[in-house]
Amino acid sequence: MVAGGFGVGKTTFVGAVSEINPLRTEAVMTSASAGIDDLTHTGDKTTTTVAMDFGRITLDQDLILYLFGTPGQDRFWFMWDDLVRGAIGAIVLVDTRRLADCFPAVDYFENSGLPFVIALNGFDGQQPYNPDEVREALQIGPDTPIITTDARHRADAKSALITLVEHALMARLR
Amino acid sequence: MATPPGGPSSGNWSYGPAQGQGDGSANGYGYPSVPDHRQPYAPQGPGPSPYDQPQAPRIQPVQPQRRTPEPAPAGASNNPLVRPYAMTGGRTRPRYQLAIEALVHTTAQPHQMQGQLPEHQRICNLCREIKSVAEVSALLTIPLGVARILVADLAEAGLVAIHQPGGDENAGGQPDVTLLERVLSGLRKL
């Protein structure tokens, strides 16, 4: 999963490393939940659409890695629950100029137990804060990796993914 | 931890000014939210709509004129007036709980496709090369929930094979160590 605040570069990150142009899947939601089968009297029901961008990387003949950008709106947690099941982990992209935007994602992954890494996306090639400062500001434990990245560059995105999988592997072996 | 749909934020569900908040007549897909039987579908393409044909040449007056819409025509996938869950017969839950990244691969022979719903045929054509449920949804522009139901239908009919992602049941479906090692090695080789 690739998470983070609105406009932080999730789709850019996915596109940098995906073998296909990022695709968009949409889910239709009603305020009375998708669990209600009878949709014939939906005249006064509000519907909304949740969009998720994703990409794919074929790693082997029988192994495909999918990268899902989480819906930007924090209230669509149920979509995140759907994605977390079976996920290897999450990359939380952070724009250090808008640090608070990543709080919901960090909270979510801390609570769900999904391994995650923090990736500071350097806008304009700048990294105004170093990882230690961000760790302090976010109150992130020492076990969670914090890396710098440039979501536009394939090598950076790939490196972030490797860090995440290594972290997930360590977490499983611990 | 998750906020249930319809929970505290239910008063604020739609986003964007174009959502059909007030009149309920539109959503993100441009489908009407209320069935409208006055005009089941607009005539499209060359040739007259079946509803426009003169009645005189009819030789066998067996059927009274139908007022209800015909089942979705072959071009339904391009017809924005068909609501998404009309393709599923109103069902909103699939028969299997398919992961969004579950892989779908067509096993059907071409002759088995005859008589299938157009949406089912499109999925089978798409999945001659292996695709995830998410890709089915995105490439055919079908909402994710609908894609899950249609793919599950095809699996039950034996027309596609599903590869659910491997997971460790003891660890809440998270990938096992062997899979993580394979992913890591694959990423390093990229």
# chains A, B, ... in the order shown; residues from 1 in each chain; ligands from 1
$ select_by_dssp --residues "segment 3-174 of chain A" --states "alpha helix (DSSP H)" --output "ChimeraX atom specification"
/A:10-17,77-84,103-112,131-138,154-173
$ select_by_dssp --residues "segment 14-163 of chain A" --states "strand (DSSP E or B)" --output "ChimeraX atom specification"
/A:23-30,47-60,63-69,90-94,116-121,146-149
$ write_last_selection --atoms "C-alpha atoms" --output "CSV table (one decimal), in the first residue's frame"
chain,number,residue,atom,x,y,z
A,23,LEU,CA,-4.9,2.4,-13.4
A,24,ARG,CA,-7.9,3.6,-11.4
A,25,THR,CA,-10.5,1.5,-9.9
A,26,GLU,CA,-13.6,3.0,-8.4
A,27,ALA,CA,-16.0,1.8,-5.7
A,28,VAL,CA,-19.5,3.1,-5.4
A,29,MET,CA,-20.6,3.8,-1.9
A,30,THR,CA,-23.8,4.7,-0.4
A,47,THR,CA,-23.8,8.0,-3.2
A,48,THR,CA,-20.1,8.7,-3.5
A,49,THR,CA,-17.2,7.3,-5.4
A,50,VAL,CA,-13.9,6.2,-3.9
A,51,ALA,CA,-11.1,6.1,-6.4
A,52,MET,CA,-7.8,4.1,-5.9
A,53,ASP,CA,-4.9,4.2,-8.3
A,54,PHE,CA,-2.7,1.2,-8.6
A,55,GLY,CA,0.1,-0.3,-10.5
A,56,ARG,CA,1.7,-3.7,-10.9
A,57,ILE,CA,5.2,-5.2,-11.0
A,58,THR,CA,5.7,-8.7,-12.4
A,59,LEU,CA,8.5,-10.1,-10.2
A,60,ASP,CA,8.6,-13.6,-11.5
A,63,LEU,CA,4.6,-13.6,-8.8
A,64,ILE,CA,3.0,-10.2,-9.3
A,65,LEU,CA,3.2,-7.3,-6.9
A,66,TYR,CA,0.4,-4.8,-6.9
A,67,LEU,CA,0.9,-1.3,-5.5
A,68,PHE,CA,-2.3,0.4,-4.3
A,69,GLY,CA,-2.5,4.1,-3.5
A,90,ALA,CA,2.7,0.2,3.6
A,91,ILE,CA,4.8,3.1,2.5
A,92,VAL,CA,3.6,6.3,4.1
A,93,LEU,CA,4.7,9.2,1.9
A,94,VAL,CA,5.3,12.4,3.8
A,116,PHE,CA,5.2,0.4,7.4
A,117,VAL,CA,8.0,2.7,6.5
A,118,ILE,CA,8.0,6.5,6.4
A,119,ALA,CA,9.3,7.9,3.1
A,120,LEU,CA,10.0,11.6,3.0
A,121,ASN,CA,9.2,12.8,-0.5
A,146,ILE,CA,12.3,6.5,7.9
A,147,ILE,CA,13.9,7.1,4.5
A,148,THR,CA,14.1,9.9,2.0
A,149,THR,CA,12.9,9.4,-1.5
$ atom_distance --atom1 "atom CA of Val165 of chain A" --atom2 "atom CA of Gln127 of chain A"
23.8 Å
$ closest_residue --among "B:His105, B:Arg91, B:His111, B:His163" --to "chain A" --atoms "only C-alpha atoms"
B:Arg91
$ atom_distance --atom1 "atom CA of Gly186 of chain B" --atom2 "atom CA of Lys158 of chain A"
10.8 Å
$ residues_around --residues "Leu164 of chain A" --least-positions-apart "3" --cutoff "7 Å" --atoms "only C-alpha atoms" --output "number ranges by chain"
A: 89, 116-117, 160-161, 167-168
$ atom_distance --atom1 "atom CA of Gln97 of chain B" --atom2 "atom CA of Asp81 of chain A"
13.5 Å
